[in-house]
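Visitor: Enclosed is the structure file entry-v4.cif (mmCIF, C-alpha atoms).
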```
data_input
#
loop_
_atom_site.label_atom_id
_atom_site.label_comp_id
_atom_site.auth_asym_id
_atom_site.auth_seq_id
_atom_site.Cartn_x
_atom_site.Cartn_y
_atom_site.Cartn_z
CA MET A 33 0.00 0.00 0.00
CA SER A 34 1.08 3.56 -0.65
CA GLU A 35 2.17 5.99 2.05
CA LEU A 36 -1.10 7.89 1.65
CA ALA A 37 -3.32 4.80 1.83
CA ASN A 38 -1.52 3.67 4.98
CA ALA A 39 -1.78 7.14 6.57
CA ILE A 40 -5.55 7.13 6.01
CA ALA A 41 -5.86 3.57 7.31
CA ASP A 42 -3.92 4.55 10.44
CA LEU A 43 -6.11 7.67 10.93
CA LYS A 44 -3.15 10.07 10.73
CA GLU A 45 -5.10 13.21 9.88
CA ASP A 46 -2.27 15.76 9.67
CA GLU A 47 -0.05 13.35 7.76
CA VAL A 48 -2.81 12.67 5.23
CA LYS A 49 -3.30 16.37 4.49
CA GLN A 50 0.44 16.94 4.15
CA ILE A 51 0.93 13.99 1.79
CA VAL A 52 -1.99 15.11 -0.39
CA GLN A 53 -0.67 18.67 -0.58
CA ASP A 54 2.85 17.47 -1.37
CA ARG A 55 1.62 15.07 -4.05
CA LEU A 56 -0.45 17.78 -5.74
CA ALA A 57 2.43 20.27 -5.55
CA SER A 58 4.70 17.73 -7.26
CA GLY A 59 2.25 17.46 -10.15
CA ALA A 60 0.76 14.05 -9.36
CA ASP A 61 -2.46 13.08 -11.14
CA PRO A 62 -5.35 14.07 -8.81
CA MET A 63 -7.28 10.96 -9.84
CA SER A 64 -4.42 8.72 -8.71
CA ILE A 65 -4.50 10.45 -5.32
CA VAL A 66 -8.25 9.85 -5.06
CA ASP A 67 -7.63 6.18 -5.83
CA GLU A 68 -5.01 5.94 -3.07
CA CYS A 69 -7.48 7.50 -0.64
CA ARG A 70 -10.09 4.97 -1.71
CA ARG A 71 -7.67 2.10 -1.05
CA GLY A 72 -6.99 3.52 2.39
CA MET A 73 -10.71 3.53 3.12
CA GLU A 74 -10.93 -0.10 1.98
CA ILE A 75 -8.38 -0.98 4.65
CA ILE A 76 -10.51 0.89 7.19
CA GLY A 77 -13.54 -1.15 6.12
CA GLN A 78 -11.65 -4.40 6.53
CA ARG A 79 -10.39 -3.41 9.97
CA TYR A 80 -13.96 -2.61 10.96
CA LYS A 81 -15.09 -6.05 9.79
CA ASP A 82 -12.22 -7.62 11.72
CA LYS A 83 -13.28 -5.65 14.82
CA GLU A 84 -9.96 -3.81 14.96
CA TYR A 85 -11.87 -0.56 14.41
CA PHE A 86 -15.26 0.50 15.73
CA LEU A 87 -17.84 3.22 14.96
CA GLY A 88 -15.63 6.01 16.33
CA GLU A 89 -12.81 5.10 13.97
CA LEU A 90 -15.24 4.90 11.04
CA ILE A 91 -16.55 8.39 11.76
CA MET A 92 -13.03 9.77 12.13
CA SER A 93 -11.88 8.14 8.89
CA GLY A 94 -14.85 9.69 7.09
CA GLU A 95 -13.84 13.15 8.27
CA ILE A 96 -10.22 12.60 7.24
CA PHE A 97 -11.37 11.44 3.82
CA LYS A 98 -13.60 14.51 3.37
CA GLU A 99 -10.69 16.81 4.27
CA ALA A 100 -8.47 15.09 1.72
CA MET A 101 -11.15 15.35 -0.98
CA ALA A 102 -11.63 19.06 -0.23
CA VAL A 103 -7.95 19.60 -1.09
CA ILE A 104 -8.03 17.42 -4.20
CA GLU A 105 -11.34 18.59 -5.67
CA PRO A 106 -10.20 22.01 -6.99
CA LYS A 107 -7.40 20.28 -8.92
CA LEU A 108 -9.86 17.84 -10.43
CA LYS A 109 -12.14 20.69 -11.50
CA ALA A 110 -9.23 22.60 -13.00
CA GLY A 111 -8.88 19.90 -15.62
CA GLN A 112 -12.49 20.11 -16.73
CA ALA A 113 -14.45 22.52 -18.89
CA GLY A 114 -16.52 25.08 -17.06
CA LYS A 115 -19.88 24.04 -18.52
CA THR A 116 -22.28 22.23 -16.20
CA VAL A 117 -23.19 18.77 -17.52
CA ALA A 118 -26.33 18.39 -15.42
CA ARG A 119 -27.76 18.93 -11.96
CA MET A 120 -28.00 15.86 -9.76
CA VAL A 121 -29.45 15.05 -6.36
CA LEU A 122 -27.40 12.55 -4.39
CA GLY A 123 -27.70 10.79 -1.05
CA THR A 124 -27.50 7.54 0.91
CA ALA A 125 -30.81 5.72 1.34
CA LYS A 126 -32.83 5.91 4.55
CA GLY A 127 -31.60 3.44 7.15
CA ASP A 128 -27.99 3.56 5.91
CA ILE A 129 -25.27 5.88 7.22
CA HIS A 130 -22.43 4.75 4.93
CA ASN A 131 -21.05 7.76 3.08
CA ILE A 132 -17.58 6.97 1.72
CA GLY A 133 -18.70 5.60 -1.65
CA LYS A 134 -21.19 8.44 -2.02
CA ASP A 135 -18.53 11.02 -1.17
CA ILE A 136 -16.10 9.59 -3.72
CA ALA A 137 -18.84 9.63 -6.35
CA ALA A 138 -19.77 13.23 -5.47
CA THR A 139 -16.16 14.35 -5.82
CA LEU A 140 -15.71 12.70 -9.21
CA LEU A 141 -19.09 13.93 -10.48
CA LYS A 142 -18.30 17.52 -9.49
CA ALA A 143 -14.95 17.21 -11.23
CA ALA A 144 -16.77 15.97 -14.34
CA GLY A 145 -18.97 19.08 -14.42
CA PHE A 146 -22.07 17.94 -12.53
CA GLU A 147 -23.80 20.29 -10.11
CA ILE A 148 -24.32 18.07 -7.06
CA TYR A 149 -26.92 18.49 -4.32
CA ASP A 150 -25.67 16.07 -1.66
CA LEU A 151 -28.31 15.32 0.98
CA GLY A 152 -25.97 13.19 3.09
CA THR A 153 -26.91 9.86 4.64
CA ASP A 154 -30.10 8.23 5.96
CA VAL A 155 -32.19 10.24 3.47
CA ALA A 156 -35.95 9.64 3.44
CA PRO A 157 -37.76 9.29 0.10
CA GLU A 158 -39.68 12.52 0.81
CA ALA A 159 -36.43 14.47 1.20
CA PHE A 160 -35.20 13.27 -2.19
CA ILE A 161 -38.49 14.29 -3.80
CA ASP A 162 -38.48 17.72 -2.16
CA LYS A 163 -34.94 18.46 -3.37
CA LEU A 164 -35.73 17.25 -6.91
CA LYS A 165 -38.75 19.57 -7.01
CA GLU A 166 -36.70 22.46 -5.63
CA THR A 167 -33.77 22.08 -8.03
CA GLY A 168 -35.39 20.57 -11.11
CA ALA A 169 -32.47 18.14 -11.27
CA PRO A 170 -32.97 15.43 -13.93
CA ILE A 171 -30.82 12.79 -12.20
CA LEU A 172 -31.13 11.14 -8.79
CA GLY A 173 -28.32 9.06 -7.31
CA ILE A 174 -29.03 6.84 -4.31
CA SER A 175 -26.27 5.00 -2.48
CA GLY A 176 -26.65 2.00 -0.23
CA MET A 177 -24.36 -0.50 1.46
CA LEU A 178 -26.95 -2.35 3.53
CA THR A 179 -29.60 -4.76 2.26
CA PRO A 180 -32.46 -2.89 4.05
CA SER A 181 -31.60 0.20 1.98
CA PHE A 182 -33.01 -1.54 -1.11
CA GLU A 183 -36.55 -1.14 0.18
CA SER A 184 -35.96 2.57 0.81
CA MET A 185 -34.60 2.94 -2.73
CA LYS A 186 -37.72 1.26 -4.10
CA GLN A 187 -39.96 3.52 -2.01
CA THR A 188 -38.10 6.56 -3.37
CA VAL A 189 -38.73 5.49 -6.96
CA GLN A 190 -42.40 4.89 -6.09
CA ALA A 191 -42.54 8.36 -4.51
CA LEU A 192 -41.12 9.78 -7.75
CA GLU A 193 -43.95 8.15 -9.65
CA ALA A 194 -46.55 9.42 -7.19
CA ALA A 195 -45.16 12.94 -7.53
CA GLY A 196 -45.41 12.77 -11.33
CA LEU A 197 -41.63 13.09 -11.71
CA ARG A 198 -40.60 9.64 -12.87
CA ASN A 199 -40.58 10.50 -16.57
CA LYS A 200 -38.47 13.60 -15.82
CA VAL A 201 -35.85 12.06 -13.54
CA LYS A 202 -33.35 9.28 -14.26
CA VAL A 203 -32.39 7.18 -11.23
CA ILE A 204 -29.01 5.54 -10.64
CA ILE A 205 -28.28 3.43 -7.56
CA GLY A 206 -24.83 2.54 -6.27
CA GLY A 207 -23.03 0.54 -3.62
CA GLY A 208 -20.83 -2.49 -3.15
CA ILE A 209 -23.77 -4.90 -2.89
CA VAL A 210 -25.94 -3.40 -5.65
CA THR A 211 -26.60 -5.70 -8.63
CA GLU A 212 -28.73 -5.79 -11.76
CA MET A 213 -31.32 -7.77 -9.81
CA VAL A 214 -31.46 -4.99 -7.21
CA ARG A 215 -31.78 -2.37 -9.97
CA LYS A 216 -34.81 -4.19 -11.34
CA TYR A 217 -36.34 -4.58 -7.88
CA VAL A 218 -35.87 -0.89 -7.10
CA GLY A 219 -37.00 0.28 -10.54
CA ALA A 220 -33.87 2.36 -11.20
CA ASP A 221 -32.50 3.22 -14.64
CA ALA A 222 -28.90 2.22 -13.90
CA PHE A 223 -26.65 0.82 -11.19
CA THR A 224 -22.94 0.74 -10.39
CA ASP A 225 -20.53 -0.50 -7.74
CA ASP A 226 -17.69 1.63 -9.09
CA ALA A 227 -17.52 5.43 -8.77
CA PRO A 228 -15.63 6.19 -12.04
CA GLU A 229 -18.05 3.96 -13.94
CA GLY A 230 -20.88 5.79 -12.21
CA VAL A 231 -19.67 9.09 -13.66
CA GLU A 232 -19.85 7.67 -17.19
CA LEU A 233 -23.31 6.26 -16.55
CA CYS A 234 -24.46 9.64 -15.26
CA ARG A 235 -23.12 11.28 -18.42
CA LYS A 236 -25.28 8.92 -20.46
CA LEU A 237 -28.30 9.56 -18.25
CA ALA A 238 -27.77 13.30 -18.59
CA GLY A 239 -27.81 12.92 -22.36
CA ALA A 240 -31.00 10.90 -22.18
CA VAL A 241 -32.92 13.59 -20.32
CA LYS A 242 -31.81 16.69 -22.21
#
```
What's the structure tokens form of this structure?
Guide:
Amino acid sequence: MSELANAIADLKEDEVKQIVQDRLASGADPMSIVDECRRGMEIIGQRYKDKEYFLGELIMSGEIFKEAMAVIEPKLKAGQAGKTVARMVLGTAKGDIHNIGKDIAATLLKAAGFEIYDLGTDVAPEAFIDKLKETGAPILGISGMLTPSFESMKQTVQALEAAGLRNKVKVIIGGGIVTEMVRKYVGADAFTDDAPEGVELCRKLAGAVK
């Protein structure tokens, strides 16, 4: 593992920020730095499964990751055209507080020119609908890492239909346990378990609703 991935995994906040700043100053590819951060978070996840880390460490790692992304994001945007691709509402499904995958996706989507309205975690279907009405965003992204989140995703799509928005909004779901079968169950238009792939899918969805 790289020095940065290990620093994140060991929860060394100051060291993480310094490494990121030094890497960017040396001209490193911002996307490669994001990938190293992601690998560090994978180690965190494994340590949590192995009961080496607990909820406190998960929360701390999430904050460290957000700080690193805040430093990297302007460099990612600098390499993109200024035109907005599309507006997009994003959040983790109700009953799920996992945010790392969603945060990585949000960072990459912003870098790709999307205007992101991130509602955070444990988002109720009604909150998604309210934000879609408020912003007029044509894309909704729902993240989930727990099986119970699938039902919330499905309820959100049903709420879209009840609100008369389903034909105006494309829905993409994401998460490590999301599959084509889950997509069909939820009624979403697309699914992904990979953030870079998700960006490309969102580009296609944006083109489909213009």
Visitor: I need every residue sitting at most 7 Å from the point (-7.2, 4.3, 8.1) (coordinates as in the file, all atoms listed in the file considered), written as a ChimeraX atom specification.
Guide: /A:38-43,72-73,75-76,93
Visitor: From the list A:Met213, A:Arg79, A:Ala220, A:His130, which residue is nearest A:Asn199 when using all atoms listed in the file?
Guide: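 Of the candidates, the smallest distance to A:Asn199 is held by A:Ala220.
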Visitor: Using all atoms listed in the file, pick whichever of A:Ala138, A:Ile209, A:Met185, A:Ala238 has the shortest atom-to-atom distance to A:Thr116.
Guide: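 Of the candidates, the smallest distance to A:Thr116 is held by A:Ala238.
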Visitor: Could you check the closest approach to A:Met177 for each of A:Leu237, A:Val189, A:Arg198, A:Ile205 and tell me which residue wins, using only C-alpha atoms?
Guide: A:Ile205
Visitor: On this structure, which residues satisfy the PyMOL selection byres ((chain A and resi 163) around 12), written as a PyMOL selection string?
Guide: chain A and resi 119-123+148-151+155-162+164-172+192+197
Visitor: Keeping only C-alpha atoms, write the selected residues to a file as an mmCIF file, in the coordinates of the input.
Guide:
```cif
data_model
loop_
_atom_site.group_PDB
_atom_site.id
_atom_site.type_symbol
_atom_site.label_atom_id
_atom_site.label_comp_id
_atom_site.auth_asym_id
_atom_site.auth_seq_id
_atom_site.Cartn_x
_atom_site.Cartn_y
_atom_site.Cartn_z
ATOM 1 C CA ARG A 119 -27.760 18.930 -11.960
ATOM 2 C CA MET A 120 -28.000 15.860 -9.760
ATOM 3 C CA VAL A 121 -29.450 15.050 -6.360
ATOM 4 C CA LEU A 122 -27.400 12.550 -4.390
ATOM 5 C CA GLY A 123 -27.700 10.790 -1.050
ATOM 6 C CA ILE A 148 -24.320 18.070 -7.060
ATOM 7 C CA TYR A 149 -26.920 18.490 -4.320
ATOM 8 C CA ASP A 150 -25.670 16.070 -1.660
ATOM 9 C CA LEU A 151 -28.310 15.320 0.980
ATOM 10 C CA VAL A 155 -32.190 10.240 3.470
ATOM 11 C CA ALA A 156 -35.950 9.640 3.440
ATOM 12 C CA PRO A 157 -37.760 9.290 0.100
ATOM 13 C CA GLU A 158 -39.680 12.520 0.810
ATOM 14 C CA ALA A 159 -36.430 14.470 1.200
ATOM 15 C CA PHE A 160 -35.200 13.270 -2.190
ATOM 16 C CA ILE A 161 -38.490 14.290 -3.800
ATOM 17 C CA ASP A 162 -38.480 17.720 -2.160
ATOM 18 C CA LEU A 164 -35.730 17.250 -6.910
ATOM 19 C CA LYS A 165 -38.750 19.570 -7.010
ATOM 20 C CA GLU A 166 -36.700 22.460 -5.630
ATOM 21 C CA THR A 167 -33.770 22.080 -8.030
ATOM 22 C CA GLY A 168 -35.390 20.570 -11.110
ATOM 23 C CA ALA A 169 -32.470 18.140 -11.270
ATOM 24 C CA PRO A 170 -32.970 15.430 -13.930
ATOM 25 C CA ILE A 171 -30.820 12.790 -12.200
ATOM 26 C CA LEU A 172 -31.130 11.140 -8.790
ATOM 27 C CA LEU A 192 -41.120 9.780 -7.750
ATOM 28 C CA LEU A 197 -41.630 13.090 -11.710
#
```
Visitor: Quick check, in Å to one decimal: how far apart do atom CA of A:Glu95 and atom CA of A:Asp67 lie?
Guide: 16.9 Å
Visitor: So, with only C-alpha atoms as the atoms that count, which of A:Ile104, A:Ala191, A:Ala60, A:Leu87 lies closest to A:Lys142?
Guide: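 Smallest distance to A:Lys142 is found for A:Ile104.
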Visitor: Between atom CA of A:Val103 and atom CA of A:Leu140, measure the distance and give it in Å to one decimal.
Guide: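 Rounded to one decimal, the two atoms are 13.2 Å apart.
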Visitor: Do a neighbour search on A:Val48 at 9 Å with all atoms listed in the file, toss out local chain neighbours closer than 2 positions, and write the hits as a PyMOL selection string.
Guide: chain A and resi 35-37+39-40+43-46+50-53+96-97+99-100
Visitor: Could you state which residues are captured by the PyMOL selection byres ((chain A and resi 221) around 12) in this file, as a PDB file with C-alpha atoms, keeping the file's coordinate frame?
Guide:
```
ATOM      1  CA  ILE A 171     -30.820  12.790 -12.200  1.00  0.00           C
ATOM      2  CA  LEU A 172     -31.130  11.140  -8.790  1.00  0.00           C
ATOM      3  CA  GLY A 173     -28.320   9.060  -7.310  1.00  0.00           C
ATOM      4  CA  ILE A 174     -29.030   6.840  -4.310  1.00  0.00           C
ATOM      5  CA  LYS A 186     -37.720   1.260  -4.100  1.00  0.00           C
ATOM      6  CA  VAL A 189     -38.730   5.490  -6.960  1.00  0.00           C
ATOM      7  CA  ARG A 198     -40.600   9.640 -12.870  1.00  0.00           C
ATOM      8  CA  ASN A 199     -40.580  10.500 -16.570  1.00  0.00           C
ATOM      9  CA  VAL A 201     -35.850  12.060 -13.540  1.00  0.00           C
ATOM     10  CA  LYS A 202     -33.350   9.280 -14.260  1.00  0.00           C
ATOM     11  CA  VAL A 203     -32.390   7.180 -11.230  1.00  0.00           C
ATOM     12  CA  ILE A 204     -29.010   5.540 -10.640  1.00  0.00           C
ATOM     13  CA  ILE A 205     -28.280   3.430  -7.560  1.00  0.00           C
ATOM     14  CA  GLY A 206     -24.830   2.540  -6.270  1.00  0.00           C
ATOM     15  CA  GLU A 212     -28.730  -5.790 -11.760  1.00  0.00           C
ATOM     16  CA  VAL A 214     -31.460  -4.990  -7.210  1.00  0.00           C
ATOM     17  CA  ARG A 215     -31.780  -2.370  -9.970  1.00  0.00           C
ATOM     18  CA  LYS A 216     -34.810  -4.190 -11.340  1.00  0.00           C
ATOM     19  CA  TYR A 217     -36.340  -4.580  -7.880  1.00  0.00           C
ATOM     20  CA  VAL A 218     -35.870  -0.890  -7.100  1.00  0.00           C
ATOM     21  CA  GLY A 219     -37.000   0.280 -10.540  1.00  0.00           C
ATOM     22  CA  ALA A 220     -33.870   2.360 -11.200  1.00  0.00           C
ATOM     23  CA  ALA A 222     -28.900   2.220 -13.900  1.00  0.00           C
ATOM     24  CA  PHE A 223     -26.650   0.820 -11.190  1.00  0.00           C
ATOM     25  CA  THR A 224     -22.940   0.740 -10.390  1.00  0.00           C
ATOM     26  CA  LEU A 233     -23.310   6.260 -16.550  1.00  0.00           C
ATOM     27  CA  CYS A 234     -24.460   9.640 -15.260  1.00  0.00           C
ATOM     28  CA  LYS A 236     -25.280   8.920 -20.460  1.00  0.00           C
ATOM     29  CA  LEU A 237     -28.300   9.560 -18.250  1.00  0.00           C
ATOM     30  CA  ALA A 238     -27.770  13.300 -18.590  1.00  0.00           C
ATOM     31  CA  ALA A 240     -31.000  10.900 -22.180  1.00  0.00           C
ATOM     32  CA  VAL A 241     -32.920  13.590 -20.320  1.00  0.00           C
TER      33      VAL A 241
END
```
Visitor: Work out how far atom CA of A:Arg70 is from atom CA of A:Glu47, in Å to one decimal.
Guide: 16.1 Å
Visitor: Starting from the PyMOL selection byres ((chain A and resi 126) around 7), expand the selection into actual residues of this file and give them as a CSV table (one decimal) with C-alpha atoms, keeping the file's coordinate frame.
Guide:
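The resulting file, expr.csv, is shown below:
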```csv
chain,number,residue,atom,x,y,z
A,124,THR,CA,-27.5,7.5,0.9
A,125,ALA,CA,-30.8,5.7,1.3
A,127,GLY,CA,-31.6,3.4,7.2
A,128,ASP,CA,-28.0,3.6,5.9
A,154,ASP,CA,-30.1,8.2,6.0
A,155,VAL,CA,-32.2,10.2,3.5
A,156,ALA,CA,-36.0,9.6,3.4
A,181,SER,CA,-31.6,0.2,2.0
A,184,SER,CA,-36.0,2.6,0.8
```
Visitor: Give the answer as one residue: which of A:Ala143, A:Leu178, A:Val210, A:Met63 has the shortest atom-to-atom distance to A:Lys115, using all atoms listed in the file?
Guide: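 The answer is A:Ala143, which sits nearest to A:Lys115.
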Visitor: Will you model N, CA and C atoms for stretch 105-135 of chain A and pass it back as a PDB file, in the frame of the given file?
Guide:
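Dumped everything to part_8.pdb:
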```pdb
ATOM      1  N   GLU A 105     -10.246  18.236  -4.757  1.00  0.00           N
ATOM      2  CA  GLU A 105     -11.340  18.590  -5.670  1.00  0.00           C
ATOM      3  C   GLU A 105     -11.054  19.782  -6.584  1.00  0.00           C
ATOM      4  N   PRO A 106     -10.474  20.883  -6.077  1.00  0.00           N
ATOM      5  CA  PRO A 106     -10.200  22.010  -6.990  1.00  0.00           C
ATOM      6  C   PRO A 106      -9.260  21.633  -8.136  1.00  0.00           C
ATOM      7  N   LYS A 107      -8.321  20.732  -7.866  1.00  0.00           N
ATOM      8  CA  LYS A 107      -7.400  20.280  -8.920  1.00  0.00           C
ATOM      9  C   LYS A 107      -8.118  19.421  -9.949  1.00  0.00           C
ATOM     10  N   LEU A 108      -9.077  18.637  -9.490  1.00  0.00           N
ATOM     11  CA  LEU A 108      -9.860  17.840 -10.430  1.00  0.00           C
ATOM     12  C   LEU A 108     -10.680  18.744 -11.330  1.00  0.00           C
ATOM     13  N   LYS A 109     -11.308  19.759 -10.735  1.00  0.00           N
ATOM     14  CA  LYS A 109     -12.140  20.690 -11.500  1.00  0.00           C
ATOM     15  C   LYS A 109     -11.319  21.486 -12.494  1.00  0.00           C
ATOM     16  N   ALA A 110     -10.077  21.779 -12.129  1.00  0.00           N
ATOM     17  CA  ALA A 110      -9.230  22.600 -13.000  1.00  0.00           C
ATOM     18  C   ALA A 110      -8.994  21.946 -14.347  1.00  0.00           C
ATOM     19  N   GLY A 111      -9.112  20.620 -14.375  1.00  0.00           N
ATOM     20  CA  GLY A 111      -8.880  19.900 -15.620  1.00  0.00           C
ATOM     21  C   GLY A 111     -10.124  19.722 -16.465  1.00  0.00           C
ATOM     22  N   GLN A 112     -11.234  20.293 -16.012  1.00  0.00           N
ATOM     23  CA  GLN A 112     -12.490  20.110 -16.730  1.00  0.00           C
ATOM     24  C   GLN A 112     -12.993  21.433 -17.312  1.00  0.00           C
ATOM     25  N   ALA A 113     -13.838  21.318 -18.323  1.00  0.00           N
ATOM     26  CA  ALA A 113     -14.450  22.520 -18.890  1.00  0.00           C
ATOM     27  C   ALA A 113     -15.418  23.123 -17.884  1.00  0.00           C
ATOM     28  N   GLY A 114     -15.688  24.398 -18.028  1.00  0.00           N
ATOM     29  CA  GLY A 114     -16.520  25.080 -17.060  1.00  0.00           C
ATOM     30  C   GLY A 114     -18.015  24.822 -17.189  1.00  0.00           C
ATOM     31  N   LYS A 115     -18.457  24.244 -18.290  1.00  0.00           N
ATOM     32  CA  LYS A 115     -19.880  24.040 -18.520  1.00  0.00           C
ATOM     33  C   LYS A 115     -20.444  22.951 -17.620  1.00  0.00           C
ATOM     34  N   THR A 116     -21.609  23.221 -17.032  1.00  0.00           N
ATOM     35  CA  THR A 116     -22.280  22.230 -16.200  1.00  0.00           C
ATOM     36  C   THR A 116     -22.906  21.156 -17.075  1.00  0.00           C
ATOM     37  N   VAL A 117     -22.628  19.887 -16.763  1.00  0.00           N
ATOM     38  CA  VAL A 117     -23.190  18.770 -17.520  1.00  0.00           C
ATOM     39  C   VAL A 117     -24.661  18.611 -17.184  1.00  0.00           C
ATOM     40  N   ALA A 118     -24.951  18.541 -15.877  1.00  0.00           N
ATOM     41  CA  ALA A 118     -26.330  18.390 -15.420  1.00  0.00           C
ATOM     42  C   ALA A 118     -26.377  18.579 -13.911  1.00  0.00           C
ATOM     43  N   ARG A 119     -27.555  18.892 -13.406  1.00  0.00           N
ATOM     44  CA  ARG A 119     -27.760  18.930 -11.960  1.00  0.00           C
ATOM     45  C   ARG A 119     -28.124  17.524 -11.502  1.00  0.00           C
ATOM     46  N   MET A 120     -27.750  17.206 -10.272  1.00  0.00           N
ATOM     47  CA  MET A 120     -28.000  15.860  -9.760  1.00  0.00           C
ATOM     48  C   MET A 120     -28.186  15.885  -8.259  1.00  0.00           C
ATOM     49  N   VAL A 121     -29.220  15.213  -7.791  1.00  0.00           N
ATOM     50  CA  VAL A 121     -29.450  15.050  -6.360  1.00  0.00           C
ATOM     51  C   VAL A 121     -28.843  13.719  -5.945  1.00  0.00           C
ATOM     52  N   LEU A 122     -28.137  13.729  -4.814  1.00  0.00           N
ATOM     53  CA  LEU A 122     -27.400  12.550  -4.390  1.00  0.00           C
ATOM     54  C   LEU A 122     -27.568  12.328  -2.888  1.00  0.00           C
ATOM     55  N   GLY A 123     -27.619  11.075  -2.475  1.00  0.00           N
ATOM     56  CA  GLY A 123     -27.700  10.790  -1.050  1.00  0.00           C
ATOM     57  C   GLY A 123     -27.688   9.299  -0.779  1.00  0.00           C
ATOM     58  N   THR A 124     -27.445   8.935   0.482  1.00  0.00           N
ATOM     59  CA  THR A 124     -27.500   7.540   0.910  1.00  0.00           C
ATOM     60  C   THR A 124     -28.914   7.245   1.409  1.00  0.00           C
ATOM     61  N   ALA A 125     -29.430   6.088   1.044  1.00  0.00           N
ATOM     62  CA  ALA A 125     -30.810   5.720   1.340  1.00  0.00           C
ATOM     63  C   ALA A 125     -31.113   5.714   2.835  1.00  0.00           C
ATOM     64  N   LYS A 126     -32.379   5.928   3.158  1.00  0.00           N
ATOM     65  CA  LYS A 126     -32.830   5.910   4.550  1.00  0.00           C
ATOM     66  C   LYS A 126     -32.475   4.566   5.196  1.00  0.00           C
ATOM     67  N   GLY A 127     -31.983   4.637   6.433  1.00  0.00           N
ATOM     68  CA  GLY A 127     -31.600   3.440   7.150  1.00  0.00           C
ATOM     69  C   GLY A 127     -30.139   3.060   6.970  1.00  0.00           C
ATOM     70  N   ASP A 128     -29.400   3.860   6.190  1.00  0.00           N
ATOM     71  CA  ASP A 128     -27.990   3.560   5.910  1.00  0.00           C
ATOM     72  C   ASP A 128     -27.166   4.827   6.150  1.00  0.00           C
ATOM     73  N   ILE A 129     -26.100   4.711   6.923  1.00  0.00           N
ATOM     74  CA  ILE A 129     -25.270   5.880   7.220  1.00  0.00           C
ATOM     75  C   ILE A 129     -23.899   5.809   6.544  1.00  0.00           C
ATOM     76  N   HIS A 130     -23.705   4.842   5.644  1.00  0.00           N
ATOM     77  CA  HIS A 130     -22.430   4.750   4.930  1.00  0.00           C
ATOM     78  C   HIS A 130     -22.320   5.927   3.939  1.00  0.00           C
ATOM     79  N   ASN A 131     -21.176   6.575   3.944  1.00  0.00           N
ATOM     80  CA  ASN A 131     -21.050   7.760   3.080  1.00  0.00           C
ATOM     81  C   ASN A 131     -19.788   7.792   2.220  1.00  0.00           C
ATOM     82  N   ILE A 132     -18.857   6.865   2.423  1.00  0.00           N
ATOM     83  CA  ILE A 132     -17.580   6.970   1.720  1.00  0.00           C
ATOM     84  C   ILE A 132     -17.759   6.819   0.208  1.00  0.00           C
ATOM     85  N   GLY A 133     -18.478   5.778  -0.216  1.00  0.00           N
ATOM     86  CA  GLY A 133     -18.700   5.600  -1.650  1.00  0.00           C
ATOM     87  C   GLY A 133     -19.422   6.774  -2.264  1.00  0.00           C
ATOM     88  N   LYS A 134     -20.433   7.270  -1.541  1.00  0.00           N
ATOM     89  CA  LYS A 134     -21.190   8.440  -2.020  1.00  0.00           C
ATOM     90  C   LYS A 134     -20.277   9.660  -2.133  1.00  0.00           C
ATOM     91  N   ASP A 135     -19.410   9.850  -1.151  1.00  0.00           N
ATOM     92  CA  ASP A 135     -18.530  11.020  -1.170  1.00  0.00           C
ATOM     93  C   ASP A 135     -17.520  10.945  -2.312  1.00  0.00           C
TER      94      ASP A 135
END
```
